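Novice: Pasting input10.cif here (mmCIF, C-alpha atoms):
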data_structure
#
loop_
_atom_site.group_PDB
_atom_site.id
_atom_site.type_symbol
_atom_site.label_atom_id
_atom_site.label_comp_id
_atom_site.auth_asym_id
_atom_site.auth_seq_id
_atom_site.Cartn_x
_atom_site.Cartn_y
_atom_site.Cartn_z
ATOM 1 C CA MET N 1 91.772 162.889 102.886
ATOM 2 C CA VAL N 2 92.251 165.452 105.672
ATOM 3 C CA PRO N 3 91.448 163.718 109.008
ATOM 4 C CA ALA N 4 88.936 166.381 110.069
ATOM 5 C CA VAL N 5 87.031 165.993 106.797
ATOM 6 C CA ALA N 6 87.110 162.194 107.040
ATOM 7 C CA ASN N 7 85.814 162.336 110.607
ATOM 8 C CA ARG N 8 82.939 164.635 109.606
ATOM 9 C CA ARG N 9 81.969 162.317 106.767
ATOM 10 C CA ALA N 10 82.137 159.303 109.090
ATOM 11 C CA ALA N 11 79.921 161.088 111.639
ATOM 12 C CA ASP N 12 77.440 162.009 108.898
ATOM 13 C CA GLU N 13 77.332 158.381 107.715
ATOM 14 C CA LEU N 14 76.708 157.166 111.261
ATOM 15 C CA ARG N 15 73.863 159.672 111.774
ATOM 16 C CA ALA N 16 72.281 158.694 108.465
ATOM 17 C CA PHE N 17 72.481 155.006 109.354
ATOM 18 C CA ARG N 18 70.959 155.636 112.785
ATOM 19 C CA ARG N 19 68.067 157.509 111.140
ATOM 20 C CA ASP N 20 67.483 155.081 108.270
ATOM 21 C CA ALA N 21 67.798 151.930 110.370
ATOM 22 C CA GLY N 22 65.604 153.353 113.131
ATOM 23 C CA VAL N 23 68.078 152.318 115.822
ATOM 24 C CA SER N 24 67.871 153.865 119.285
ATOM 25 C CA MET N 25 67.675 152.803 122.920
ATOM 26 C CA THR N 26 64.096 154.091 123.028
ATOM 27 C CA GLU N 27 63.007 151.900 120.112
ATOM 28 C CA LEU N 28 64.754 148.868 121.573
ATOM 29 C CA CYS N 29 62.974 149.409 124.883
ATOM 30 C CA ARG N 30 59.685 149.926 123.066
ATOM 31 C CA ALA N 31 60.231 146.498 121.505
ATOM 32 C CA ILE N 32 60.958 145.054 124.970
ATOM 33 C CA TYR N 33 57.705 146.549 126.257
ATOM 34 C CA ALA N 34 55.763 145.182 123.281
ATOM 35 C CA GLU N 35 57.039 141.667 123.980
ATOM 36 C CA HIS N 36 57.370 141.795 127.760
ATOM 37 C CA GLY N 37 54.510 144.164 128.578
ATOM 38 C CA ASP N 38 52.199 141.538 130.045
ATOM 39 C CA SER N 39 54.589 141.096 132.976
ATOM 40 C CA VAL N 40 55.131 144.859 133.461
ATOM 41 C CA SER N 41 52.749 146.372 136.001
ATOM 42 C CA VAL N 42 53.095 149.904 134.547
ATOM 43 C CA GLN N 43 50.399 150.264 131.888
ATOM 44 C CA ASN N 44 51.337 153.704 130.516
ATOM 45 C CA GLU N 45 53.576 152.861 127.557
ATOM 46 C CA THR N 46 55.380 156.217 127.474
ATOM 47 C CA ILE N 47 56.343 155.990 131.154
ATOM 48 C CA ALA N 48 57.161 152.281 130.897
ATOM 49 C CA VAL N 49 59.440 152.699 127.874
ATOM 50 C CA ALA N 50 61.248 155.648 129.479
ATOM 51 C CA ASN N 51 61.859 153.665 132.666
ATOM 52 C CA LEU N 52 62.907 150.580 130.733
ATOM 53 C CA ALA N 53 65.486 152.740 128.946
ATOM 54 C CA ARG N 54 66.790 153.940 132.330
ATOM 55 C CA ILE N 55 66.974 150.372 133.615
ATOM 56 C CA VAL N 56 68.687 148.978 130.526
ATOM 57 C CA ASP N 57 71.112 151.912 130.287
ATOM 58 C CA ALA N 58 72.053 151.486 133.946
ATOM 59 C CA THR N 59 72.386 147.714 133.638
ATOM 60 C CA LEU N 60 74.744 148.005 130.682
ATOM 61 C CA ALA N 61 76.825 150.707 132.385
ATOM 62 C CA ILE N 62 77.195 148.808 135.670
ATOM 63 C CA ALA N 63 77.708 145.384 134.076
ATOM 64 C CA ASN N 64 80.296 146.635 131.592
ATOM 65 C CA ARG N 65 82.180 148.296 134.464
ATOM 66 C CA LYS N 66 82.196 145.576 137.117
ATOM 67 C CA GLY N 67 80.340 142.612 135.639
ATOM 68 C CA PHE N 68 76.691 141.609 135.756
ATOM 69 C CA ALA N 69 77.297 138.977 138.460
ATOM 70 C CA ALA N 70 78.635 141.673 140.815
ATOM 71 C CA MET N 71 75.722 144.022 140.141
ATOM 72 C CA SER N 72 72.970 144.065 142.743
ATOM 73 C CA LEU N 73 69.434 145.330 142.338
ATOM 74 C CA ARG N 74 70.328 147.994 144.915
ATOM 75 C CA ASP N 75 73.130 149.156 142.571
ATOM 76 C CA LEU N 76 70.564 149.328 139.806
ATOM 77 C CA ALA N 77 68.078 151.214 141.963
ATOM 78 C CA ARG N 78 70.699 153.820 142.898
ATOM 79 C CA ARG N 79 71.771 154.279 139.285
ATOM 80 C CA THR N 80 68.252 154.599 137.888
ATOM 81 C CA GLY N 81 66.739 156.567 140.765
ATOM 82 C CA LEU N 82 63.957 153.983 140.992
ATOM 83 C CA SER N 83 63.044 152.186 144.183
ATOM 84 C CA LEU N 84 63.443 148.426 144.483
ATOM 85 C CA GLY N 85 59.676 148.201 144.213
ATOM 86 C CA GLY N 86 59.849 150.309 141.070
ATOM 87 C CA LEU N 87 62.357 147.872 139.540
ATOM 88 C CA TYR N 88 60.153 144.896 140.407
ATOM 89 C CA ALA N 89 57.373 146.529 138.401
ATOM 90 C CA TYR N 90 59.446 145.687 135.305
ATOM 91 C CA PHE N 91 61.571 142.654 136.182
ATOM 92 C CA GLN N 92 61.203 140.103 138.960
ATOM 93 C CA SER N 93 64.872 139.111 139.044
ATOM 94 C CA LYS N 94 68.315 139.714 137.571
ATOM 95 C CA ASP N 95 67.922 136.467 135.622
ATOM 96 C CA GLU N 96 64.813 137.809 133.916
ATOM 97 C CA LEU N 97 66.529 141.135 133.197
ATOM 98 C CA VAL N 98 69.620 139.614 131.567
ATOM 99 C CA ALA N 99 67.506 137.184 129.526
ATOM 100 C CA VAL N 100 65.332 139.999 128.133
ATOM 101 C CA ILE N 101 68.345 142.168 127.269
ATOM 102 C CA GLN N 102 70.103 139.252 125.566
ATOM 103 C CA ARG N 103 67.038 138.141 123.631
ATOM 104 C CA GLN N 104 65.986 141.587 122.427
ATOM 105 C CA GLY N 105 69.539 142.641 121.595
ATOM 106 C CA GLN N 106 70.242 139.616 119.416
ATOM 107 C CA ARG N 107 66.849 139.905 117.745
ATOM 108 C CA GLN N 108 67.365 143.564 116.852
ATOM 109 C CA ILE N 109 70.838 142.888 115.450
ATOM 110 C CA GLU N 110 69.496 140.163 113.177
ATOM 111 C CA GLN N 111 66.494 142.228 112.074
ATOM 112 C CA VAL N 112 68.565 145.307 111.220
ATOM 113 C CA LEU N 113 71.170 143.271 109.338
ATOM 114 C CA ARG N 114 68.551 141.475 107.269
ATOM 115 C CA ARG N 115 66.657 144.683 106.529
ATOM 116 C CA GLN N 116 69.804 146.480 105.391
ATOM 117 C CA VAL N 117 71.132 143.565 103.347
ATOM 118 C CA ASP N 118 67.817 143.041 101.558
ATOM 119 C CA GLN N 119 68.134 146.488 99.991
ATOM 120 C CA HIS N 120 70.893 145.122 97.726
ATOM 121 C CA VAL N 121 70.930 142.541 94.935
ATOM 122 C CA THR N 122 74.441 141.276 94.228
ATOM 123 C CA ALA N 123 76.334 139.107 96.703
ATOM 124 C CA ARG N 124 79.243 141.567 96.779
ATOM 125 C CA ALA N 125 76.964 144.510 97.605
ATOM 126 C CA ARG N 126 75.033 142.469 100.164
ATOM 127 C CA LEU N 127 78.215 141.404 101.953
ATOM 128 C CA ASP N 128 79.553 144.960 101.949
ATOM 129 C CA GLU N 129 76.297 146.199 103.469
ATOM 130 C CA ALA N 130 76.203 143.424 106.085
ATOM 131 C CA ILE N 131 79.705 144.425 107.194
ATOM 132 C CA ARG N 132 78.915 148.149 107.203
ATOM 133 C CA ALA N 133 75.620 147.663 109.043
ATOM 134 C CA HIS N 134 77.216 145.449 111.701
ATOM 135 C CA VAL N 135 80.018 147.917 112.430
ATOM 136 C CA LEU N 136 77.763 150.995 112.503
ATOM 137 C CA LEU N 137 75.128 149.200 114.582
ATOM 138 C CA SER N 138 77.770 148.094 117.085
ATOM 139 C CA GLU N 139 79.028 151.687 117.253
ATOM 140 C CA ILE N 140 75.559 153.037 118.039
ATOM 141 C CA LEU N 141 74.765 150.268 120.541
ATOM 142 C CA ARG N 142 78.286 149.491 121.752
ATOM 143 C CA PRO N 143 77.408 148.955 125.453
ATOM 144 C CA TRP N 144 74.669 146.541 124.391
ATOM 145 C CA PHE N 145 77.043 144.611 122.070
ATOM 146 C CA VAL N 146 79.696 144.343 124.788
ATOM 147 C CA PHE N 147 77.064 143.129 127.238
ATOM 148 C CA LEU N 148 75.798 140.475 124.794
ATOM 149 C CA TYR N 149 79.332 139.181 124.309
ATOM 150 C CA MET N 150 80.460 139.267 127.939
ATOM 151 C CA GLU N 151 77.370 138.276 129.902
ATOM 152 C CA ALA N 152 75.886 135.303 128.025
ATOM 153 C CA ARG N 153 77.534 133.046 130.600
ATOM 154 C CA HIS N 154 75.147 134.345 133.258
ATOM 155 C CA LEU N 155 72.073 133.043 131.442
ATOM 156 C CA GLY N 156 70.268 129.906 132.517
ATOM 157 C CA GLN N 157 70.824 126.794 130.433
ATOM 158 C CA ALA N 158 67.760 127.229 128.227
ATOM 159 C CA GLU N 159 68.398 130.950 127.710
ATOM 160 C CA ARG N 160 72.063 130.276 126.981
ATOM 161 C CA ARG N 161 71.121 127.785 124.272
ATOM 162 C CA GLN N 162 68.774 130.387 122.798
ATOM 163 C CA ALA N 163 71.506 133.048 122.871
ATOM 164 C CA VAL N 164 73.921 130.695 121.085
ATOM 165 C CA ALA N 165 71.284 129.888 118.465
ATOM 166 C CA MET N 166 70.599 133.587 117.837
ATOM 167 C CA GLU N 167 74.341 134.335 117.608
ATOM 168 C CA GLU N 168 74.711 131.530 115.065
ATOM 169 C CA ALA N 169 71.754 132.930 113.113
ATOM 170 C CA THR N 170 73.582 136.251 112.801
ATOM 171 C CA GLU N 171 76.707 134.434 111.613
ATOM 172 C CA GLU N 172 74.596 132.498 109.122
ATOM 173 C CA ILE N 173 73.552 135.791 107.480
ATOM 174 C CA PHE N 174 77.166 136.279 106.422
ATOM 175 C CA ALA N 175 77.619 132.616 105.454
ATOM 176 C CA ALA N 176 74.487 132.662 103.267
ATOM 177 C CA ILE N 177 75.705 135.730 101.386
ATOM 178 C CA ILE N 178 79.102 134.091 100.834
ATOM 179 C CA ARG N 179 77.366 131.004 99.430
ATOM 180 C CA GLU N 180 75.337 133.236 97.084
ATOM 181 C CA GLY N 181 78.579 134.746 95.807
ATOM 182 C CA GLN N 182 80.133 131.322 95.361
ATOM 183 C CA ALA N 183 77.114 130.199 93.350
ATOM 184 C CA ASP N 184 77.362 133.123 90.918
ATOM 185 C CA GLY N 185 81.165 133.107 90.716
ATOM 186 C CA SER N 186 81.717 136.307 92.675
ATOM 187 C CA PHE N 187 83.516 134.525 95.519
ATOM 188 C CA ARG N 188 85.996 131.669 95.541
ATOM 189 C CA ASP N 189 85.241 128.171 96.753
ATOM 190 C CA THR N 190 85.937 128.026 100.479
ATOM 191 C CA ASP N 191 84.169 127.000 103.670
ATOM 192 C CA ALA N 192 81.487 129.708 103.856
ATOM 193 C CA LEU N 193 80.675 129.120 107.516
ATOM 194 C CA ALA N 194 84.340 129.238 108.543
ATOM 195 C CA ALA N 195 84.813 132.431 106.520
ATOM 196 C CA ALA N 196 81.745 133.950 108.215
ATOM 197 C CA ALA N 197 83.090 133.006 111.653
ATOM 198 C CA MET N 198 86.441 134.651 110.904
ATOM 199 C CA LEU N 199 84.669 137.730 109.577
ATOM 200 C CA LYS N 200 82.518 137.919 112.715
ATOM 201 C CA ALA N 201 85.638 137.842 114.886
ATOM 202 C CA VAL N 202 87.082 140.813 113.002
ATOM 203 C CA LEU N 203 83.792 142.688 113.404
ATOM 204 C CA GLN N 204 83.746 141.977 117.141
ATOM 205 C CA ASP N 205 87.202 143.528 117.467
ATOM 206 C CA TRP N 206 85.653 146.930 116.743
ATOM 207 C CA TYR N 207 83.516 147.067 119.877
ATOM 208 C CA LEU N 208 85.559 144.822 122.163
ATOM 209 C CA LYS N 209 88.774 146.805 121.581
ATOM 210 C CA HIS N 210 87.224 150.160 120.789
ATOM 211 C CA GLY N 211 89.835 152.118 122.739
ATOM 212 C CA LYS N 212 92.641 150.690 120.627
ATOM 213 C CA HIS N 213 90.938 151.729 117.396
ATOM 214 C CA GLY N 214 90.116 155.148 118.841
ATOM 215 C CA ARG N 215 93.772 155.785 119.713
ATOM 216 C CA ARG N 216 94.632 154.999 116.108
ATOM 217 C CA GLY N 217 92.132 157.580 114.890
ATOM 218 C CA GLN N 218 89.909 154.954 113.292
ATOM 219 C CA THR N 219 86.223 155.712 112.706
ATOM 220 C CA ALA N 220 83.415 153.188 112.490
ATOM 221 C CA ALA N 221 82.883 153.924 108.795
ATOM 222 C CA GLY N 222 86.607 153.650 108.117
ATOM 223 C CA TYR N 223 86.862 150.347 109.971
ATOM 224 C CA ALA N 224 83.899 149.004 108.002
ATOM 225 C CA ARG N 225 85.629 149.865 104.730
ATOM 226 C CA ALA N 226 88.816 148.135 105.892
ATOM 227 C CA VAL N 227 86.872 144.969 106.736
ATOM 228 C CA GLN N 228 85.057 145.152 103.396
ATOM 229 C CA GLU N 229 88.415 145.263 101.610
ATOM 230 C CA LEU N 230 89.732 142.371 103.695
ATOM 231 C CA ALA N 231 86.674 140.250 102.859
ATOM 232 C CA THR N 232 86.887 141.162 99.170
ATOM 233 C CA ARG N 233 90.521 140.086 98.977
ATOM 234 C CA TYR N 234 89.969 136.874 100.908
ATOM 235 C CA LEU N 235 86.904 135.835 98.909
ATOM 236 C CA ALA N 236 88.114 137.003 95.478
ATOM 237 C CA PRO N 237 87.805 134.259 92.842
ATOM 238 C CA THR N 238 91.431 134.962 91.854
ATOM 239 C CA PRO N 239 93.746 132.726 93.919
ATOM 240 C CA MET N 240 95.170 134.600 96.894
ATOM 241 C CA GLU N 241 98.783 134.149 95.781
ATOM 242 C CA GLU N 242 98.028 135.949 92.513
ATOM 243 C CA ILE N 243 96.661 139.076 94.205
ATOM 244 C CA THR N 244 99.214 141.897 94.308
ATOM 245 C CA VAL N 245 99.037 144.070 97.379
#
Turn the structure described in the file into structure tokens.
Specialist:
Amino acid sequence: MVPAVANRRAADELRAFRRDAGVSMTELCRAIYAEHGDSVSVQNETIAVANLARIVDATLAIANRKGFAAMSLRDLARRTGLSLGGLYAYFQSKDELVAVIQRQGQRQIEQVLRRQVDQHVTARARLDEAIRAHVLLSEILRPWFVFLYMEARHLGQAERRQAVAMEEATEEIFAAIIREGQADGSFRDTDALAAAAMLKAVLQDWYLKHGKHGRRGQTAAGYARAVQELATRYLAPTPMEEITV
């Protein structure tokens, strides 16, 4: 396929996924407000959600550039255009801010994956969709995904345990689908959790090394298809040595 045509199709697929999955920074911040609103002193939801989006956007940009530990609330105030008092209307500390971003990010990832996967019946189709949804979601929310991966170490002990549990829950989505395929003969007998962990590492490569893939001309949709093929070959019921490449 001509690269320009492939890129247009990949862009169209990404737009369609964004629309159908209802994924946007605004909706994520609306979910933060719905959960965290009792501790936010701004009562107008429209204003609060817009400011939360500014705060989260700025936090991700600063943290992914120089690290969350090095970010000060003054840095955040300058980036958002809000005063320090304005920031305190939403979060009382950096610890609270990072915990909310981590918790809501992981929750949204799991919810979107489950919603997308549940539209399919067979294990093969469900695994393909889980892979596609993860890659496209991480493309749309790449700064958030990078932040979740890099900054979990700055959480308090209880929050860190929660982040690990939520990360494992996402991994378990893939493991459960693999077990379904093993039960119906679609996938070979192997350690489903280990296979899911390896698959997750390949998926993380997309957003952690995005520049490398970009230089190679890879699109999110194209990368998803490559990972789908890799998973199909690895999990095929035919022994690996009998598969001709």
Novice: I would like the residues chosen by the PyMOL selection byres ((chain N and resi 139-145) around 10) on the shown file; could you give them as a PyMOL selection string?
Specialist: chain N and resi 14-15+17-18+23-25+56-57+59-61+63-64+101-102+105-106+109+133-138+146-150+204+206-208+210+219-221
Novice: Taking all atoms listed in the file into account, which of N:Lys94, N:Arg225, N:Leu28, N:Asp38 comes nearest N:Ala70?
Specialist: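 Checking each of N:Lys94, N:Arg225, N:Leu28, N:Asp38 against N:Ala70, counting all atoms listed in the file, the winner is N:Lys94.
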Novice: Evaluate the PyMOL selection byres ((chain N and resi 174-176) around 12) on the structure here and hand back the selected residues as an MDAnalysis selection string.
Specialist: chainID N and resid 110 113:114 117 123:124 126:131 133:134 167:173 177:183 187 190:200 203 231 235
Novice: Report the distance between atom CA of N:Arg188 and atom CA of N:Ala236 in Å, rounded to one decimal place.
Specialist: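 Atom-to-atom, atom CA of N:Arg188 and atom CA of N:Ala236 are spaced 5.7 Å apart.
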Novice: Contacts of stretch 211-218 of chain N at 10 Å or less, counting all atoms listed in the file, minus same-chain residues fewer than 4 places along, as a list in words?
Specialist: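 Using all atoms listed in the file, the neighbours found are Pro3, Ala6, Asn7, Ala10, Asp205, Trp206, Tyr207, Gly222, Tyr223 and Ala224 of chain N.
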Novice: Measure the distance from atom CA of N:Val202 to atom CA of N:Arg103 in Å and round it to one decimal.
Specialist: 22.8 Å
Novice: Would you kindly translate the PyMOL selection byres ((chain N and resi 46) around 12) into the concrete residues it picks from this file, as a list in words?
Specialist: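 The output of the PyMOL selection byres ((chain N and resi 46) around 12) on this file is Thr26, Glu27, Cys29, Arg30, Tyr33, Ala34, Val42, Gln43, Asn44, Glu45, Ile47, Ala48, Val49, Ala50, Asn51, Leu52 and Ala53 of chain N.
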Novice: So that I can see what lies close to N:Val40, please list as number ranges by chain the residues with an atom at most 7 Å from it, counting all atoms listed in the file and leaving out residues fewer than 4 positions away in the same chain.
Specialist: N: 36, 89-90
Novice: Measure the distance from atom CA of N:Ala152 to atom CA of N:Ala201 in Å and round it to one decimal.
Specialist: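 Rounded to one decimal, the two atoms are 16.6 Å apart.
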Novice: Could you tell me which of N:Arg233, N:Arg153, N:Arg132, N:Lys66 comes closest to N:Ala99 if we count all atoms listed in the file?
Specialist: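 Nearest to N:Ala99: N:Arg153.
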Novice: Can you rebuild stretch 64-75 of chain N with all heavy atoms and give it as a PDB file, in the frame of the given file?
Specialist:
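Output file part-v3.pdb follows:
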ATOM      1  N   ASN N  64      79.085 146.485 132.398  1.00  0.00           N
ATOM      2  CA  ASN N  64      80.296 146.635 131.592  1.00  0.00           C
ATOM      3  C   ASN N  64      81.444 147.230 132.401  1.00  0.00           C
ATOM      4  O   ASN N  64      82.595 147.187 131.964  1.00  0.00           O
ATOM      5  CB  ASN N  64      80.006 147.485 130.350  1.00  0.00           C
ATOM      6  CG  ASN N  64      79.103 146.763 129.348  1.00  0.00           C
ATOM      7  OD1 ASN N  64      78.939 145.544 129.421  1.00  0.00           O
ATOM      8  ND2 ASN N  64      78.519 147.499 128.426  1.00  0.00           N
ATOM      9  N   ARG N  65      81.125 147.768 133.597  1.00  0.00           N
ATOM     10  CA  ARG N  65      82.180 148.296 134.464  1.00  0.00           C
ATOM     11  C   ARG N  65      82.675 147.239 135.453  1.00  0.00           C
ATOM     12  O   ARG N  65      83.867 147.053 135.629  1.00  0.00           O
ATOM     13  CB  ARG N  65      81.682 149.517 135.227  1.00  0.00           C
ATOM     14  CG  ARG N  65      82.803 150.231 136.007  1.00  0.00           C
ATOM     15  CD  ARG N  65      82.305 151.435 136.797  1.00  0.00           C
ATOM     16  NE  ARG N  65      81.571 151.045 137.988  1.00  0.00           N
ATOM     17  CZ  ARG N  65      80.271 151.221 138.171  1.00  0.00           C
ATOM     18  NH1 ARG N  65      79.540 151.776 137.226  1.00  0.00           N
ATOM     19  NH2 ARG N  65      79.674 150.837 139.296  1.00  0.00           N
ATOM     20  N   LYS N  66      81.747 146.524 136.087  1.00  0.00           N
ATOM     21  CA  LYS N  66      82.196 145.576 137.117  1.00  0.00           C
ATOM     22  C   LYS N  66      81.632 144.166 136.958  1.00  0.00           C
ATOM     23  O   LYS N  66      81.903 143.303 137.789  1.00  0.00           O
ATOM     24  CB  LYS N  66      81.858 146.108 138.513  1.00  0.00           C
ATOM     25  CG  LYS N  66      80.387 146.169 138.861  1.00  0.00           C
ATOM     26  CD  LYS N  66      80.232 146.659 140.313  1.00  0.00           C
ATOM     27  CE  LYS N  66      78.812 146.588 140.812  1.00  0.00           C
ATOM     28  NZ  LYS N  66      78.711 147.019 142.226  1.00  0.00           N
ATOM     29  N   GLY N  67      80.876 143.937 135.888  1.00  0.00           N
ATOM     30  CA  GLY N  67      80.340 142.612 135.639  1.00  0.00           C
ATOM     31  C   GLY N  67      78.920 142.468 136.153  1.00  0.00           C
ATOM     32  O   GLY N  67      78.578 142.979 137.221  1.00  0.00           O
ATOM     33  N   PHE N  68      78.099 141.757 135.392  1.00  0.00           N
ATOM     34  CA  PHE N  68      76.691 141.609 135.756  1.00  0.00           C
ATOM     35  C   PHE N  68      76.541 140.820 137.048  1.00  0.00           C
ATOM     36  O   PHE N  68      75.674 141.113 137.871  1.00  0.00           O
ATOM     37  CB  PHE N  68      75.928 140.905 134.627  1.00  0.00           C
ATOM     38  CG  PHE N  68      74.458 140.809 134.854  1.00  0.00           C
ATOM     39  CD1 PHE N  68      73.639 141.901 134.641  1.00  0.00           C
ATOM     40  CD2 PHE N  68      73.883 139.622 135.296  1.00  0.00           C
ATOM     41  CE1 PHE N  68      72.264 141.826 134.858  1.00  0.00           C
ATOM     42  CE2 PHE N  68      72.517 139.533 135.509  1.00  0.00           C
ATOM     43  CZ  PHE N  68      71.715 140.633 135.291  1.00  0.00           C
ATOM     44  N   ALA N  69      77.397 139.805 137.254  1.00  0.00           N
ATOM     45  CA  ALA N  69      77.297 138.977 138.460  1.00  0.00           C
ATOM     46  C   ALA N  69      77.489 139.808 139.721  1.00  0.00           C
ATOM     47  O   ALA N  69      76.880 139.532 140.757  1.00  0.00           O
ATOM     48  CB  ALA N  69      78.315 137.845 138.406  1.00  0.00           C
ATOM     49  N   ALA N  70      78.348 140.837 139.642  1.00  0.00           N
ATOM     50  CA  ALA N  70      78.635 141.673 140.815  1.00  0.00           C
ATOM     51  C   ALA N  70      77.597 142.770 141.013  1.00  0.00           C
ATOM     52  O   ALA N  70      77.579 143.425 142.052  1.00  0.00           O
ATOM     53  CB  ALA N  70      80.024 142.297 140.685  1.00  0.00           C
ATOM     54  N   MET N  71      76.739 142.975 140.042  1.00  0.00           N
ATOM     55  CA  MET N  71      75.722 144.022 140.141  1.00  0.00           C
ATOM     56  C   MET N  71      74.566 143.543 141.006  1.00  0.00           C
ATOM     57  O   MET N  71      74.068 142.430 140.834  1.00  0.00           O
ATOM     58  CB  MET N  71      75.189 144.381 138.751  1.00  0.00           C
ATOM     59  CG  MET N  71      74.179 145.522 138.744  1.00  0.00           C
ATOM     60  SD  MET N  71      73.335 145.714 137.139  1.00  0.00           S
ATOM     61  CE  MET N  71      72.090 144.412 137.260  1.00  0.00           C
ATOM     62  N   SER N  72      74.146 144.376 141.930  1.00  0.00           N
ATOM     63  CA  SER N  72      72.970 144.065 142.743  1.00  0.00           C
ATOM     64  C   SER N  72      71.796 144.922 142.287  1.00  0.00           C
ATOM     65  O   SER N  72      71.975 145.951 141.614  1.00  0.00           O
ATOM     66  CB  SER N  72      73.259 144.330 144.218  1.00  0.00           C
ATOM     67  OG  SER N  72      73.376 145.733 144.456  1.00  0.00           O
ATOM     68  N   LEU N  73      70.605 144.516 142.659  1.00  0.00           N
ATOM     69  CA  LEU N  73      69.434 145.330 142.338  1.00  0.00           C
ATOM     70  C   LEU N  73      69.486 146.672 143.070  1.00  0.00           C
ATOM     71  O   LEU N  73      68.954 147.669 142.580  1.00  0.00           O
ATOM     72  CB  LEU N  73      68.154 144.576 142.691  1.00  0.00           C
ATOM     73  CG  LEU N  73      67.825 143.387 141.774  1.00  0.00           C
ATOM     74  CD1 LEU N  73      66.544 142.702 142.222  1.00  0.00           C
ATOM     75  CD2 LEU N  73      67.710 143.818 140.311  1.00  0.00           C
ATOM     76  N   ARG N  74      70.158 146.707 144.218  1.00  0.00           N
ATOM     77  CA  ARG N  74      70.328 147.994 144.915  1.00  0.00           C
ATOM     78  C   ARG N  74      71.231 148.926 144.096  1.00  0.00           C
ATOM     79  O   ARG N  74      70.993 150.135 144.045  1.00  0.00           O
ATOM     80  CB  ARG N  74      70.903 147.766 146.317  1.00  0.00           C
ATOM     81  CG  ARG N  74      69.925 147.101 147.265  1.00  0.00           C
ATOM     82  CD  ARG N  74      70.419 147.092 148.695  1.00  0.00           C
ATOM     83  NE  ARG N  74      69.491 146.393 149.563  1.00  0.00           N
ATOM     84  CZ  ARG N  74      68.380 146.915 150.055  1.00  0.00           C
ATOM     85  NH1 ARG N  74      68.078 148.173 149.776  1.00  0.00           N
ATOM     86  NH2 ARG N  74      67.575 146.206 150.833  1.00  0.00           N
ATOM     87  N   ASP N  75      72.291 148.355 143.481  1.00  0.00           N
ATOM     88  CA  ASP N  75      73.130 149.156 142.571  1.00  0.00           C
ATOM     89  C   ASP N  75      72.269 149.750 141.461  1.00  0.00           C
ATOM     90  O   ASP N  75      72.398 150.929 141.102  1.00  0.00           O
ATOM     91  CB  ASP N  75      74.226 148.291 141.933  1.00  0.00           C
ATOM     92  CG  ASP N  75      75.272 147.813 142.908  1.00  0.00           C
ATOM     93  OD1 ASP N  75      75.507 148.513 143.911  1.00  0.00           O
ATOM     94  OD2 ASP N  75      75.869 146.752 142.655  1.00  0.00           O
TER      95      ASP N  75
END
